[in-house]
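Pasting run10.cif here (mmCIF, C-alpha atoms and all ligand atoms):
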```
data_data
loop_
_atom_site.label_atom_id
_atom_site.label_comp_id
_atom_site.auth_asym_id
_atom_site.auth_seq_id
_atom_site.Cartn_x
_atom_site.Cartn_y
_atom_site.Cartn_z
CA MET N 128 0.00 0.00 0.00
CA LYS N 129 1.48 3.33 -1.01
CA LYS N 130 1.71 5.93 1.73
CA VAL N 131 0.29 9.42 1.24
CA ILE N 132 0.81 12.28 3.67
CA LEU N 133 -2.21 14.60 3.59
CA ALA N 134 -1.30 17.94 5.20
CA VAL N 135 -4.35 19.97 6.21
CA GLY N 136 -4.19 23.71 6.89
CA SER N 137 -6.68 26.05 8.52
CA SER N 138 -8.60 27.14 5.46
CA ILE N 139 -12.39 27.29 5.60
CA SER N 140 -12.21 24.52 2.97
CA ALA N 141 -10.47 22.17 5.45
CA TYR N 142 -13.69 20.13 5.73
CA LYS N 143 -13.13 19.03 2.12
CA SER N 144 -10.01 17.17 3.27
CA CYS N 145 -12.36 14.53 4.73
CA ASP N 146 -13.77 13.64 1.30
CA LEU N 147 -10.28 13.85 -0.19
CA ALA N 148 -8.97 11.41 2.43
CA ARG N 149 -11.87 9.07 1.52
CA LEU N 150 -10.89 9.15 -2.17
CA PHE N 151 -7.36 8.02 -1.29
CA VAL N 152 -8.61 5.27 1.04
CA LYS N 153 -11.01 4.02 -1.65
CA GLY N 154 -8.15 4.14 -4.16
CA GLY N 155 -6.11 1.77 -1.97
CA TYR N 156 -3.66 4.27 -0.46
CA ASN N 157 -2.52 4.39 3.16
CA VAL N 158 -3.31 7.96 4.26
CA PHE N 159 -1.58 9.72 7.14
CA VAL N 160 -3.01 13.12 8.00
CA ALA N 161 -0.78 15.88 9.35
CA MET N 162 -2.81 18.85 10.60
CA THR N 163 -1.82 22.29 11.77
CA GLU N 164 -3.15 23.17 15.21
CA ASN N 165 -5.34 25.86 13.62
CA ALA N 166 -6.83 23.29 11.23
CA THR N 167 -8.02 21.22 14.21
CA LYS N 168 -10.37 24.13 15.02
CA LEU N 169 -12.07 23.79 11.63
CA VAL N 170 -12.18 20.03 11.11
CA SER N 171 -12.17 17.32 13.74
CA PRO N 172 -9.03 15.18 13.97
CA LEU N 173 -11.29 12.33 15.10
CA THR N 174 -13.21 12.47 11.80
CA LEU N 175 -10.00 12.24 9.79
CA GLU N 176 -8.68 9.50 12.06
CA ALA N 177 -11.87 7.46 11.58
CA LEU N 178 -11.82 7.97 7.81
CA THR N 179 -8.16 7.03 7.34
CA GLY N 180 -7.83 4.41 10.06
CA ASN N 181 -4.51 5.99 11.07
CA PRO N 182 -3.55 8.26 13.98
CA ILE N 183 -3.54 11.98 13.26
CA TYR N 184 -0.20 13.76 13.35
CA ARG N 185 -0.19 17.24 14.87
CA ASP N 186 2.09 19.35 17.04
CA SER N 187 1.27 17.35 20.15
CA THR N 188 2.60 14.27 18.33
CA LEU N 189 5.98 16.00 18.27
CA TRP N 190 5.93 17.16 21.87
CA GLU N 191 3.66 14.92 23.94
CA LYS N 192 4.17 11.44 22.58
CA HIS N 193 7.98 11.79 22.52
CA GLU N 194 7.89 10.48 18.99
CA MET N 195 9.57 12.20 16.06
CA GLY N 196 6.39 12.36 13.98
CA HIS N 197 7.94 14.25 11.09
CA ILE N 198 10.56 11.54 10.63
CA PHE N 199 7.97 8.75 10.80
CA LEU N 200 5.76 10.56 8.31
CA LYS N 201 8.38 11.13 5.61
CA ASP N 202 9.61 7.53 5.80
CA LYS N 203 8.62 5.53 2.71
CA ALA N 204 5.98 8.12 1.71
CA SER N 205 5.03 8.28 -1.98
CA LEU N 206 3.56 11.77 -1.83
CA PHE N 207 3.16 14.79 0.42
CA LEU N 208 -0.07 16.54 -0.48
CA ALA N 209 -0.98 19.84 1.19
CA ALA N 210 -4.73 20.33 0.68
CA PRO N 211 -5.92 22.84 1.60
CA ALA N 212 -2.65 24.75 1.88
CA THR N 213 -2.92 28.14 3.58
CA ALA N 214 -0.89 31.22 2.64
CA ASN N 215 0.92 30.66 5.93
CA MET N 216 1.90 27.07 5.07
CA ILE N 217 3.10 28.09 1.60
CA GLY N 218 5.11 30.89 3.21
CA LYS N 219 6.78 28.48 5.61
CA PHE N 220 7.46 25.86 2.93
CA GLY N 221 9.00 28.48 0.64
CA ASN N 222 11.26 29.91 3.32
CA GLY N 223 12.63 26.88 5.11
CA ILE N 224 10.65 27.53 8.28
CA ALA N 225 10.03 24.51 10.51
CA ASP N 226 8.06 25.64 13.56
CA ASP N 227 5.34 22.97 13.58
CA LEU N 228 4.81 19.35 12.57
CA VAL N 229 3.56 20.12 9.04
CA SER N 230 6.38 22.50 8.08
CA THR N 231 9.02 20.30 9.73
CA THR N 232 7.74 17.29 7.78
CA PHE N 233 7.87 19.29 4.53
CA LEU N 234 11.55 20.09 5.05
CA ALA N 235 12.38 16.45 5.84
CA LEU N 236 10.62 15.02 2.74
CA GLU N 237 12.21 12.48 0.44
CA CYS N 238 9.11 12.16 -1.79
CA PRO N 239 7.43 14.55 -4.27
CA ALA N 240 5.28 17.38 -2.90
CA LEU N 241 2.00 18.63 -4.34
CA ILE N 242 0.27 21.74 -3.02
CA ALA N 243 -3.37 22.77 -3.46
CA PRO N 244 -3.69 26.37 -2.19
CA ALA N 245 -6.95 27.80 -0.86
CA MET N 246 -7.38 31.38 0.25
CA ASN N 247 -9.04 34.71 -0.32
CA PRO N 248 -8.33 35.97 -3.90
CA ASN N 249 -6.47 39.06 -2.63
CA MET N 250 -4.26 36.84 -0.49
CA TYR N 251 -3.64 34.50 -3.42
CA LYS N 252 -2.56 37.24 -5.81
CA SER N 253 -0.45 39.07 -3.21
CA PRO N 254 3.25 39.33 -4.16
CA GLY N 255 4.31 37.46 -1.03
CA VAL N 256 2.21 34.39 -1.80
CA GLN N 257 3.04 34.46 -5.53
CA MET N 258 6.75 34.78 -4.81
CA ASN N 259 6.64 31.76 -2.49
CA ILE N 260 4.70 29.72 -5.06
CA GLU N 261 7.22 30.56 -7.81
CA ARG N 262 10.12 29.69 -5.53
CA LEU N 263 8.56 26.34 -4.59
CA LYS N 264 7.87 25.57 -8.27
CA SER N 265 11.52 26.29 -9.07
CA TRP N 266 12.43 23.61 -6.50
CA GLY N 267 10.23 21.07 -8.31
CA VAL N 268 7.18 21.32 -6.06
CA LYS N 269 3.96 20.84 -8.03
CA PHE N 270 0.72 22.81 -7.58
CA VAL N 271 -2.97 22.23 -8.23
CA GLU N 272 -4.20 25.71 -9.10
CA PRO N 273 -7.15 27.08 -7.16
CA GLU N 274 -10.42 27.76 -8.96
CA THR N 275 -11.86 31.13 -9.87
CA GLY N 276 -15.26 32.04 -8.46
CA LEU N 277 -17.02 33.03 -5.28
CA VAL N 278 -15.06 32.21 -2.11
CA ALA N 279 -16.54 31.62 1.34
CA CYS N 280 -15.94 35.19 2.55
CA GLY N 281 -18.07 36.54 -0.34
CA ASP N 282 -15.19 37.87 -2.47
CA GLU N 283 -14.80 36.75 -6.05
CA GLY N 284 -11.62 35.74 -7.86
CA LYS N 285 -8.98 33.01 -7.94
CA GLY N 286 -8.41 31.27 -4.62
CA ARG N 287 -11.07 28.60 -4.07
CA LEU N 288 -9.65 25.13 -3.41
CA ALA N 289 -9.57 23.07 -6.62
CA ASP N 290 -12.20 20.34 -6.94
CA ILE N 291 -11.17 17.38 -4.79
CA ASN N 292 -11.45 14.99 -7.77
CA THR N 293 -9.00 17.20 -9.69
CA ILE N 294 -6.64 17.19 -6.69
CA TYR N 295 -6.94 13.42 -6.35
CA GLU N 296 -6.20 12.85 -10.06
CA ALA N 297 -3.17 15.17 -9.94
CA ALA N 298 -1.93 13.32 -6.84
CA VAL N 299 -2.34 9.88 -8.42
CA ASN N 300 -0.49 11.10 -11.54
CA VAL N 301 2.47 12.17 -9.40
CA ILE N 302 2.43 8.97 -7.29
CA GLU N 303 2.14 6.63 -10.27
CA GLY N 304 4.57 8.72 -12.34
CA LYS N 305 2.12 9.37 -15.19
C1 LIG G 401 -12.70 30.72 9.47
C2 LIG G 401 -11.34 30.98 8.91
C3 LIG G 401 -11.08 30.65 7.61
C4 LIG G 401 -9.81 30.87 7.04
N1 LIG G 401 -9.57 30.50 5.75
C5 LIG G 401 -8.32 30.65 5.23
C6 LIG G 401 -8.04 30.21 3.91
O1 LIG G 401 -8.90 29.70 3.18
N2 LIG G 401 -6.78 30.35 3.47
C7 LIG G 401 -5.76 30.89 4.22
O2 LIG G 401 -4.64 30.97 3.73
N3 LIG G 401 -6.03 31.33 5.47
C8 LIG G 401 -7.27 31.22 5.99
N4 LIG G 401 -7.53 31.64 7.28
C9 LIG G 401 -6.41 32.24 8.04
C10 LIG G 401 -5.52 31.15 8.61
O3 LIG G 401 -6.26 30.28 9.43
C11 LIG G 401 -4.35 31.80 9.39
O4 LIG G 401 -3.49 32.46 8.50
C12 LIG G 401 -3.60 30.78 10.21
O5 LIG G 401 -2.59 31.45 10.96
C13 LIG G 401 -2.95 29.72 9.34
O6 LIG G 401 -2.46 28.70 10.17
P1 LIG G 401 -1.96 27.29 9.57
O7 LIG G 401 -1.25 27.57 8.28
O8 LIG G 401 -0.99 26.82 10.62
O9 LIG G 401 -3.13 26.40 9.45
C14 LIG G 401 -8.78 31.44 7.84
C15 LIG G 401 -9.06 31.78 9.17
C16 LIG G 401 -10.32 31.56 9.69
C17 LIG G 401 -10.58 31.93 11.12
#
```

Using structure tokens, write down the structure that the file contains.
Amino acid sequence: MKKVILAVGSSISAYKSCDLARLFVKGGYNVFVAMTENATKLVSPLTLEALTGNPIYRDSTLWEKHEMGHIFLKDKASLFLAAPATANMIGKFGNGIADDLVSTTFLALECPALIAPAMNPNMYKSPGVQMNIERLKSWGVKFVEPETGLVACGDEGKGRLADINTIYEAAVNVIEGK
């Protein structure tokens, strides 16, 4: 069973990570969820644990269980998928910051990384976010572009998380080397 790390950030679209996790489980992948602490306020770790059948990795995994969760996670993984990825996560990934489980895992990766951003359109088009995306792309990190339309806050533009089926297909293509 191929191992997929699903990193979930605190976007309002975080609830969609539950259906995304289901797609991977149905597809025969072993899914390990890494959540930011803020993401746990928007989607229940217990839901993702029940859906994947694996323990959830979060900051407390690093500090309370005395286990190096980031090292366990990267071991033998076929893909690191950040979906939804916040502006904050993209900023950390693009600048070598490792101040939580998700960003520490990203730096330790030995497998390909795929990022599906989700944020307010103004945030998405801001020079800081775009600069980090371009830098990550230049390092070989792949992206699933967000959709254009109405976002949860009522603004319109590019920033809505891509359709989960599109994200899943892009992920499978990277994993299976298509
Ligand atoms: C209800 C709510 C929805 C949010 N949605 C987003 C979002 O879609 N994208 C984003 O980049 N930030 C969003 N934010 C802001 C992030 O949660 C904030 O930047 C946070 O510090 C990111 O933490 P994380 O990257 O560790 O999850 C949202 C905040 C709240 C309270």

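Environment of ligand LIG 401 (chain G), defined as every protein or nucleic acid residue with an atom within 6 Å of it and counting all atoms listed in the file, comprises Gly136, Ser137, Ser138, Ile139, Thr163, Asn165, Ala166, Thr213, Ala214, Asn215, Met216, Ala245 and Met246 of chain N.
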
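The nearest approach to Ala204 (chain N) among the residues N:Val256, N:Val271, N:Cys238, N:Ala134, with only C-alpha atoms taken into account, belongs to N:Cys238.
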
One residue among N:Pro172, N:Pro182, N:Pro211, N:Gly218 is nearest to Ser144 (chain N) when using all atoms listed in the file, and that residue is N:Pro211

Taking all atoms listed in the file into account, produce a table as JSON lines in which each residue of region 168-212 of chain N with an atom at most 12 Å from an atom of region 276-290 of chain N appears once, together with its shortest atom pair and the distance in Å to one decimal, ordered by chain and rising number.
```
{"residue": "N:Ala209", "atom": "CA", "partner": "N:Leu288", "partner_atom": "CA", "distance": 11.1}
{"residue": "N:Ala210", "atom": "CA", "partner": "N:Leu288", "partner_atom": "CA", "distance": 8.0}
{"residue": "N:Pro211", "atom": "CA", "partner": "N:Leu288", "partner_atom": "CA", "distance": 6.7}
{"residue": "N:Ala212", "atom": "CA", "partner": "N:Leu288", "partner_atom": "CA", "distance": 8.8}
```

Given the selection you just returned, output its residues as a file containing C-alpha atoms, formatted as a PDB file, in the coordinates of the input.
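Final file, out-v8.pdb:
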```
ATOM      1  CA  ALA N 209      -0.980  19.840   1.190  1.00  0.00           C
ATOM      2  CA  ALA N 210      -4.730  20.330   0.680  1.00  0.00           C
ATOM      3  CA  PRO N 211      -5.920  22.840   1.600  1.00  0.00           C
ATOM      4  CA  ALA N 212      -2.650  24.750   1.880  1.00  0.00           C
TER       5      ALA N 212
END
```

Could you list, as a ChimeraX atom specification, every residue within 9 Å of Arg185 (chain N), counting all atoms listed in the file and ignoring same-chain residues fewer than 4 positions away?
/N:160-164,167,189,196,227-229

Pick the closest to Ile242 (chain N) from N:Ser140, N:Asp202, N:Asn222, N:Leu208: which is it, counting all atoms listed in the file?
N:Leu208

Need to verify the contact set: Glu176 (chain N), 10 Å, all atoms listed in the file, exclusion of same-chain residues closer than 6 positions in sequence. Can you return it as an NGL selection string?
:N and (145 or 148 or 158-160 or 182-184)

Would you export the selected residues with C-alpha atoms as a short mmCIF file (atom, residue, chain, number, x, y, z; two decimals), keeping the file's coordinate frame, please?
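Listing of out12.cif after writing:
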```
data_model
loop_
_atom_site.label_atom_id
_atom_site.label_comp_id
_atom_site.auth_asym_id
_atom_site.auth_seq_id
_atom_site.Cartn_x
_atom_site.Cartn_y
_atom_site.Cartn_z
CA CYS N 145 -12.36 14.53 4.73
CA ALA N 148 -8.97 11.41 2.43
CA VAL N 158 -3.31 7.96 4.26
CA PHE N 159 -1.58 9.72 7.14
CA VAL N 160 -3.01 13.12 8.00
CA PRO N 182 -3.55 8.26 13.98
CA ILE N 183 -3.54 11.98 13.26
CA TYR N 184 -0.20 13.76 13.35
#
```
